[in-house]
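Pasted below: my_file_9.txt, compact mmCIF, C-alpha atoms and all ligand atoms.
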```txt
# COMPACT_ATOMS: atom_id res chain seq x y z
CA MET A 1 45.96 79.19 71.83
CA LYS A 2 47.78 81.82 69.74
CA GLN A 3 48.37 80.23 66.32
CA PHE A 4 50.81 81.52 63.72
CA ALA A 5 50.44 80.96 59.95
CA PRO A 6 53.52 81.91 57.89
CA SER A 7 51.29 82.39 54.82
CA CYS A 8 49.36 85.09 56.69
CA ASP A 9 52.57 87.06 57.16
CA GLN A 10 53.25 87.10 53.41
CA ASN A 11 52.12 90.20 51.55
CA LYS A 12 50.54 91.73 54.66
CA ASP A 13 52.24 95.07 54.01
CA GLU A 14 51.11 95.11 50.39
CA ILE A 15 47.55 94.30 51.53
CA LEU A 16 47.76 96.99 54.22
CA ALA A 17 48.78 99.59 51.61
CA VAL A 18 45.61 98.82 49.64
CA LEU A 19 43.42 98.79 52.76
CA GLN A 20 44.83 102.20 53.75
CA GLU A 21 43.65 103.45 50.39
CA VAL A 22 40.22 101.84 50.23
CA LEU A 23 38.83 101.50 53.75
CA PRO A 24 36.55 104.17 55.19
CA HIS A 25 37.77 106.81 57.62
CA SER A 26 35.67 105.42 60.45
CA GLY A 27 33.23 102.66 61.30
CA VAL A 28 33.25 98.89 61.61
CA VAL A 29 35.33 96.71 59.30
CA LEU A 30 33.94 93.19 59.30
CA GLU A 31 36.69 90.67 58.59
CA ILE A 32 35.50 87.26 57.40
CA GLY A 33 37.76 84.21 57.67
CA SER A 34 40.16 85.93 60.07
CA GLY A 35 42.19 82.72 60.49
CA THR A 36 44.77 82.92 63.27
CA GLY A 37 44.03 86.58 64.09
CA GLN A 38 47.41 87.85 62.85
CA HIS A 39 45.85 90.07 60.20
CA ALA A 40 43.22 91.47 62.58
CA VAL A 41 45.89 92.76 64.96
CA TYR A 42 48.32 93.87 62.26
CA PHE A 43 45.72 95.84 60.32
CA ALA A 44 43.82 97.24 63.32
CA GLN A 45 47.07 98.61 64.78
CA ARG A 46 47.84 100.43 61.53
CA LEU A 47 44.27 101.54 60.77
CA PRO A 48 43.34 103.14 64.08
CA GLN A 49 40.45 105.07 62.54
CA VAL A 50 38.33 101.92 62.10
CA ILE A 51 36.93 99.30 64.47
CA TRP A 52 38.08 95.83 63.46
CA GLN A 53 35.56 93.02 63.91
CA PRO A 54 37.24 89.64 63.34
CA THR A 55 35.13 86.55 62.59
CA ASP A 56 35.73 82.93 61.65
CA LEU A 57 34.49 79.43 62.40
CA GLN A 58 34.30 78.59 66.12
CA PRO A 59 37.60 76.60 66.33
CA ASN A 60 39.59 79.66 65.23
CA LEU A 61 38.14 82.13 67.71
CA ALA A 62 40.49 81.22 70.57
CA SER A 63 43.58 82.08 68.55
CA ILE A 64 42.06 85.34 67.27
CA SER A 65 41.16 86.26 70.86
CA ALA A 66 44.67 85.45 72.04
CA TRP A 67 46.23 87.76 69.42
CA CYS A 68 43.75 90.55 70.24
CA THR A 69 44.17 90.19 74.01
CA GLU A 70 47.94 90.32 73.73
CA ALA A 71 47.87 93.40 71.46
CA GLN A 72 45.50 95.32 73.78
CA LEU A 73 44.26 97.56 70.96
CA ALA A 74 41.34 99.90 71.54
CA ASN A 75 39.91 99.19 68.07
CA THR A 76 39.55 95.40 67.92
CA ARG A 77 36.29 93.76 68.91
CA VAL A 78 35.84 90.33 70.48
CA PRO A 79 35.92 87.82 67.60
CA LEU A 80 32.58 86.36 66.58
CA GLU A 81 31.57 83.11 64.95
CA LEU A 82 30.56 83.66 61.32
CA ASP A 83 30.05 80.60 59.15
CA LEU A 84 29.75 81.44 55.48
CA LEU A 85 27.60 78.37 54.98
CA SER A 86 24.94 80.01 57.10
CA ASP A 87 23.08 83.19 56.19
CA ARG A 88 22.67 84.14 59.86
CA TRP A 89 25.42 86.65 60.47
CA PRO A 90 26.29 88.00 63.93
CA VAL A 91 26.85 91.51 62.55
CA THR A 92 24.06 93.47 60.86
CA SER A 93 25.90 96.56 59.67
CA ALA A 94 29.43 97.48 58.62
CA TYR A 95 31.25 100.13 56.63
CA ALA A 96 33.51 97.56 55.01
CA VAL A 97 33.80 93.79 54.62
CA VAL A 98 37.29 92.32 54.23
CA CYS A 99 37.81 88.69 53.18
CA ILE A 100 41.39 87.53 52.60
CA ASN A 101 42.41 84.14 51.17
CA THR A 102 39.01 82.64 51.89
CA THR A 103 36.92 82.55 48.68
CA HIS A 104 39.09 79.67 47.41
CA ILE A 105 38.63 77.76 50.68
CA VAL A 106 34.86 77.83 51.16
CA SER A 107 32.51 76.03 48.78
CA TRP A 108 30.68 78.08 46.13
CA PRO A 109 27.52 78.42 48.29
CA GLY A 110 29.83 79.99 50.89
CA VAL A 111 31.05 82.50 48.30
CA GLU A 112 27.43 83.22 47.37
CA ASN A 113 26.60 83.85 51.03
CA LEU A 114 29.66 86.09 51.38
CA PHE A 115 28.42 88.46 48.69
CA ALA A 116 24.76 88.23 49.74
CA GLY A 117 25.82 89.04 53.31
CA ALA A 118 28.05 91.91 52.23
CA GLY A 119 25.18 93.33 50.17
CA ARG A 120 22.96 93.08 53.24
CA VAL A 121 25.23 94.53 55.94
CA LEU A 122 27.15 97.20 54.05
CA ALA A 123 26.06 100.78 54.32
CA PRO A 124 25.61 102.62 50.98
CA GLY A 125 29.08 103.59 49.80
CA GLY A 126 30.57 100.75 51.91
CA VAL A 127 33.44 98.66 50.56
CA MET A 128 33.69 94.92 49.95
CA TYR A 129 37.37 93.86 49.65
CA VAL A 130 38.73 90.43 48.74
CA TYR A 131 42.30 89.26 48.34
CA GLY A 132 43.60 86.04 46.82
CA ALA A 133 44.08 84.15 43.57
CA TYR A 134 41.43 84.46 40.84
CA ARG A 135 40.94 82.94 37.39
CA TYR A 136 40.26 85.15 34.33
CA ALA A 137 38.50 84.16 31.10
CA THR A 138 40.91 86.34 29.12
CA ARG A 139 44.15 84.53 30.04
CA PRO A 140 45.36 81.17 31.31
CA LEU A 141 45.76 80.75 35.04
CA GLU A 142 49.35 81.37 36.10
CA PRO A 143 51.27 78.06 36.63
CA SER A 144 51.68 78.79 40.36
CA ASN A 145 47.91 79.31 40.74
CA GLU A 146 47.15 76.24 38.58
CA LYS A 147 49.25 74.19 41.01
CA PHE A 148 47.55 75.87 43.96
CA ASP A 149 44.09 75.12 42.49
CA CYS A 150 45.04 71.45 42.03
CA TRP A 151 46.28 71.27 45.63
CA LEU A 152 43.09 72.90 46.92
CA LYS A 153 40.82 70.53 44.98
CA THR A 154 42.76 67.44 46.06
CA ARG A 155 42.37 68.54 49.66
CA ASP A 156 38.71 69.52 49.29
CA PRO A 157 36.91 69.13 45.93
CA VAL A 158 34.46 71.97 46.69
CA SER A 159 37.27 74.49 47.11
CA GLY A 160 39.36 76.06 44.34
CA VAL A 161 40.51 79.27 42.70
CA ARG A 162 37.35 81.18 41.75
CA ASP A 163 36.45 82.74 38.40
CA PHE A 164 36.65 86.50 38.58
CA ASP A 165 33.62 86.87 36.27
CA ALA A 166 31.45 84.60 38.42
CA VAL A 167 32.49 86.43 41.60
CA ASN A 168 31.95 89.82 40.01
CA ALA A 169 28.48 88.74 38.80
CA LEU A 170 27.62 87.74 42.38
CA ALA A 171 28.80 91.11 43.62
CA GLN A 172 26.67 92.94 41.06
CA ARG A 173 23.61 90.85 41.93
CA ASN A 174 24.02 92.05 45.49
CA GLY A 175 24.28 95.75 44.71
CA LEU A 176 28.09 95.94 44.72
CA GLN A 177 29.80 97.81 41.89
CA LEU A 178 33.33 96.87 40.89
CA THR A 179 35.72 99.65 41.91
CA GLU A 180 39.11 98.11 41.12
CA ASP A 181 40.83 94.79 40.45
CA ARG A 182 44.53 95.25 41.19
CA ALA A 183 47.47 92.89 40.62
CA MET A 184 49.37 92.01 43.78
CA PRO A 185 52.64 90.12 44.38
CA GLY A 186 52.64 86.34 43.93
CA ASN A 187 49.88 86.36 41.28
CA ASN A 188 47.29 87.46 43.80
CA ARG A 189 44.63 90.13 43.37
CA SER A 190 43.11 92.85 45.49
CA ILE A 191 39.54 93.35 44.29
CA TRP A 192 37.05 95.72 45.77
CA TRP A 193 33.48 96.81 45.15
CA THR A 194 31.38 99.69 46.45
CA LYS A 195 27.82 99.28 47.69
CA ALA A 196 25.53 101.27 45.47
CA VAL A 197 23.97 104.35 46.95
CA ARG A 198 20.21 104.16 46.51
CA CYS A 199 18.36 107.39 45.86
CA PRO A 200 14.63 106.98 46.55
CA GLY A 201 12.58 107.65 43.44
CA VAL A 202 15.69 108.22 41.32
CA SER A 203 17.36 105.68 39.06
CA CYS A 204 21.01 105.64 40.21
CA GLN A 205 23.77 104.09 38.12
C1 LIG B 301 43.38 80.21 54.08
S1 LIG B 301 42.60 80.73 55.54
C2 LIG B 301 42.81 82.47 55.48
C3 LIG B 301 42.93 83.07 56.83
C4 LIG B 301 43.35 84.55 56.84
N1 LIG B 301 42.33 85.39 56.24
C5 LIG B 301 44.67 84.71 56.14
O1 LIG B 301 44.71 85.31 55.06
O2 LIG B 301 45.64 84.22 56.66
C6 LIG B 301 40.88 80.51 55.18
C7 LIG B 301 39.98 80.85 56.35
O3 LIG B 301 38.63 80.57 55.96
C8 LIG B 301 37.97 80.09 57.10
N2 LIG B 301 36.77 79.36 56.70
C9 LIG B 301 36.67 78.14 56.14
N3 LIG B 301 35.39 77.81 55.97
C10 LIG B 301 34.65 78.85 56.42
C11 LIG B 301 33.27 79.10 56.53
N4 LIG B 301 32.37 78.19 56.16
N5 LIG B 301 32.87 80.27 57.06
C12 LIG B 301 33.77 81.20 57.44
N6 LIG B 301 35.10 81.02 57.38
C13 LIG B 301 35.53 79.85 56.88
C14 LIG B 301 38.99 79.18 57.74
O4 LIG B 301 38.66 78.87 59.08
C15 LIG B 301 40.24 80.01 57.59
O5 LIG B 301 40.44 80.86 58.68
```
File written out as structure tokens:
Amino acid sequence: MKQFAPSCDQNKDEILAVLQEVLPHSGVVLEIGSGTGQHAVYFAQRLPQVIWQPTDLQPNLASISAWCTEAQLANTRVPLELDLLSDRWPVTSAYAVVCINTTHIVSWPGVENLFAGAGRVLAPGGVMYVYGAYRYATRPLEPSNEKFDCWLKTRDPVSGVRDFDAVNALAQRNGLQLTEDRAMPGNNRSIWWTKAVRCPGVSCQ
């Protein structure tokens, strides 16, 4: 039941360092595309102030459960099915949404649902964090990411490295303001947005 993905082990400490900086001091962190469950346990153990809610497609839930059951952490929740191709999410509120290595896997409608869902469930001031490879209009894609993009599209034509500008536009449409886009090892990026705080009757920027 407990699956292990070597790729999930790569850069987990670098991702953790960013999460330690950007995640809230309490509340539910909704992880989307949790994969094997390795990240859920690794991050929840090192971020004891938050409650980690892993999610993925149904076939992955058994492995995530197995990792969580073995770790016996007080701050992981039972993994839930969340399909980005559906707009019915099993969680209605969160302080942060974390989505690692998944925007290049799901089809574009899945990416659209990811940001629409984050806009819906995040509390004002909440954080939407993504990690992975992204394409920029201002420079050519790095050769390693070009190769990765080719591999993704051969495997599934609807997948592929996403354009930062298109993703950022989606975020903005859903009330998420870009906070930082940070270079990470292996030509990956950590990008996070903050849910706008709405002030009734006042125009907030
Ligand atoms: C490359 S894996 C990343 C897993 C993990 N976050 C990591 O970094 O190791 C992509 C994940 O996206 C999930 N996924 C694919 N299609 C999805 C969908 N429609 N809705 C939600 N998750 C999906 C897969 O099941 C898989 O766990």
Compare A:Cys8, A:Val111, A:Val197, A:Leu30 by their minimum atom-to-atom distance to A:Ala123, counting only C-alpha atoms, and give me the closest one.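 Nearest to A:Ala123: A:Val197.
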Would you list the residues that come within 6 Å of ligand LIG 301 (chain B)? Count only C-alpha atoms and all ligand atoms and give the answer as a ChimeraX atom specification. /A:8,33-35,56-57,82-85,100-102,105-106
Nearest residue to A:Ile32 from the set A:Val78, A:Ala118, A:Leu152, A:Ala17 (distances using only C-alpha atoms):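 So, comparing all the options, the nearest one is A:Ala118.
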List as a compact mmCIF listing (two decimals) with C-alpha atoms, in the coordinates of the input the protein and nucleic acid residues near A:Asn11, meaning an atom at most 10 Å away when only C-alpha atoms are counted, but skip any in the same chain fewer than 2 places from it.
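Dumped everything to part_12.txt:
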```txt
# COMPACT_ATOMS: atom_id res chain seq x y z
CA SER A 7 51.29 82.39 54.82
CA CYS A 8 49.36 85.09 56.69
CA ASP A 9 52.57 87.06 57.16
CA ASP A 13 52.24 95.07 54.01
CA GLU A 14 51.11 95.11 50.39
CA ILE A 15 47.55 94.30 51.53
CA LEU A 16 47.76 96.99 54.22
CA ALA A 17 48.78 99.59 51.61
CA MET A 184 49.37 92.01 43.78
CA PRO A 185 52.64 90.12 44.38
CA GLY A 186 52.64 86.34 43.93
CA ASN A 188 47.29 87.46 43.80
```
Closest pair table for stretch 89-161 of chain A residues within 12 Å of stretch 44-52 of chain A, all atoms listed in the file, as JSON lines:
```
{"residue": "A:Ala94", "atom": "CA", "partner": "A:Ile51", "partner_atom": "CA", "distance": 9.7}
{"residue": "A:Tyr95", "atom": "CA", "partner": "A:Val50", "partner_atom": "CA", "distance": 9.1}
{"residue": "A:Ala96", "atom": "CA", "partner": "A:Val50", "partner_atom": "CA", "distance": 9.6}
{"residue": "A:Val97", "atom": "CA", "partner": "A:Trp52", "partner_atom": "CA", "distance": 10.0}
{"residue": "A:Val98", "atom": "CA", "partner": "A:Trp52", "partner_atom": "CA", "distance": 9.9}
```
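With atom CA of A:Ala74 on one side and atom CA of A:Ser26 on the other, the separation reads 13.6 Å.
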From the options A:Arg120, A:Lys147, A:Arg88, A:Lys2, which residue's atoms come nearest to A:Arg173, counting only C-alpha atoms? A:Arg120
Quick check, in Å to one decimal: how far apart do atom CA of A:Asn113 and atom CA of A:Phe4 lie? 27.4 Å
Pick the closest to A:Phe115 from A:Met1, A:Ile191, A:Ala171, A:Ala133: which is it, counting all atoms listed in the file?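 Among the listed residues, A:Ala171 lies closest to A:Phe115.
Considering only C-alpha atoms, the residue among A:Pro90, A:Pro24, A:Gly117, A:Pro54 positioned nearest to A:Gly37 is A:Pro54.
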Give me, please, the distance in Å between atom CA of A:Cys68 and atom CA of A:Phe43, quoted to one decimal. 11.4 Å
At a cut-off of 7 Å from (38.4, 85.7, 45.8) in the coordinates of the file, what residues are picked up using only C-alpha atoms, written as a PyMOL selection string? chain A and resi 101-104+130-134+162
Report, as AutoDock Vina command-line options, the centre and edge lengths in Å (one decimal) of the axis-aligned box enclosing every listed atom of stretch 50-58 of chain A, padded by 5 Å on each side.
```
--center_x 36.3 --center_y 90.3 --center_z 63.9 --size_x 14.0 --size_y 33.3 --size_z 14.5
```
Distance criterion (only C-alpha atoms): nearest to A:Lys153 out of A:Tyr42, A:Ser107, A:Val91, A:Thr194: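 Ranking A:Tyr42, A:Ser107, A:Val91, A:Thr194 by distance to A:Lys153, first place goes to A:Ser107.
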Nearby residues (all atoms listed in the file) at most 8 Å from A:Lys195, same-chain spacing under 4 positions excluded, as a PDB file with C-alpha atoms, keeping the file's coordinate frame:
```pdb
ATOM      1  CA  GLY A 119      25.180  93.330  50.170  1.00  0.00           C
ATOM      2  CA  LEU A 122      27.150  97.200  54.050  1.00  0.00           C
ATOM      3  CA  ALA A 123      26.060 100.780  54.320  1.00  0.00           C
ATOM      4  CA  PRO A 124      25.610 102.620  50.980  1.00  0.00           C
ATOM      5  CA  GLY A 125      29.080 103.590  49.800  1.00  0.00           C
ATOM      6  CA  GLY A 126      30.570 100.750  51.910  1.00  0.00           C
ATOM      7  CA  VAL A 127      33.440  98.660  50.560  1.00  0.00           C
ATOM      8  CA  MET A 128      33.690  94.920  49.950  1.00  0.00           C
ATOM      9  CA  GLY A 175      24.280  95.750  44.710  1.00  0.00           C
ATOM     10  CA  LEU A 176      28.090  95.940  44.720  1.00  0.00           C
ATOM     11  CA  GLN A 177      29.800  97.810  41.890  1.00  0.00           C
TER      12      GLN A 177
END
```
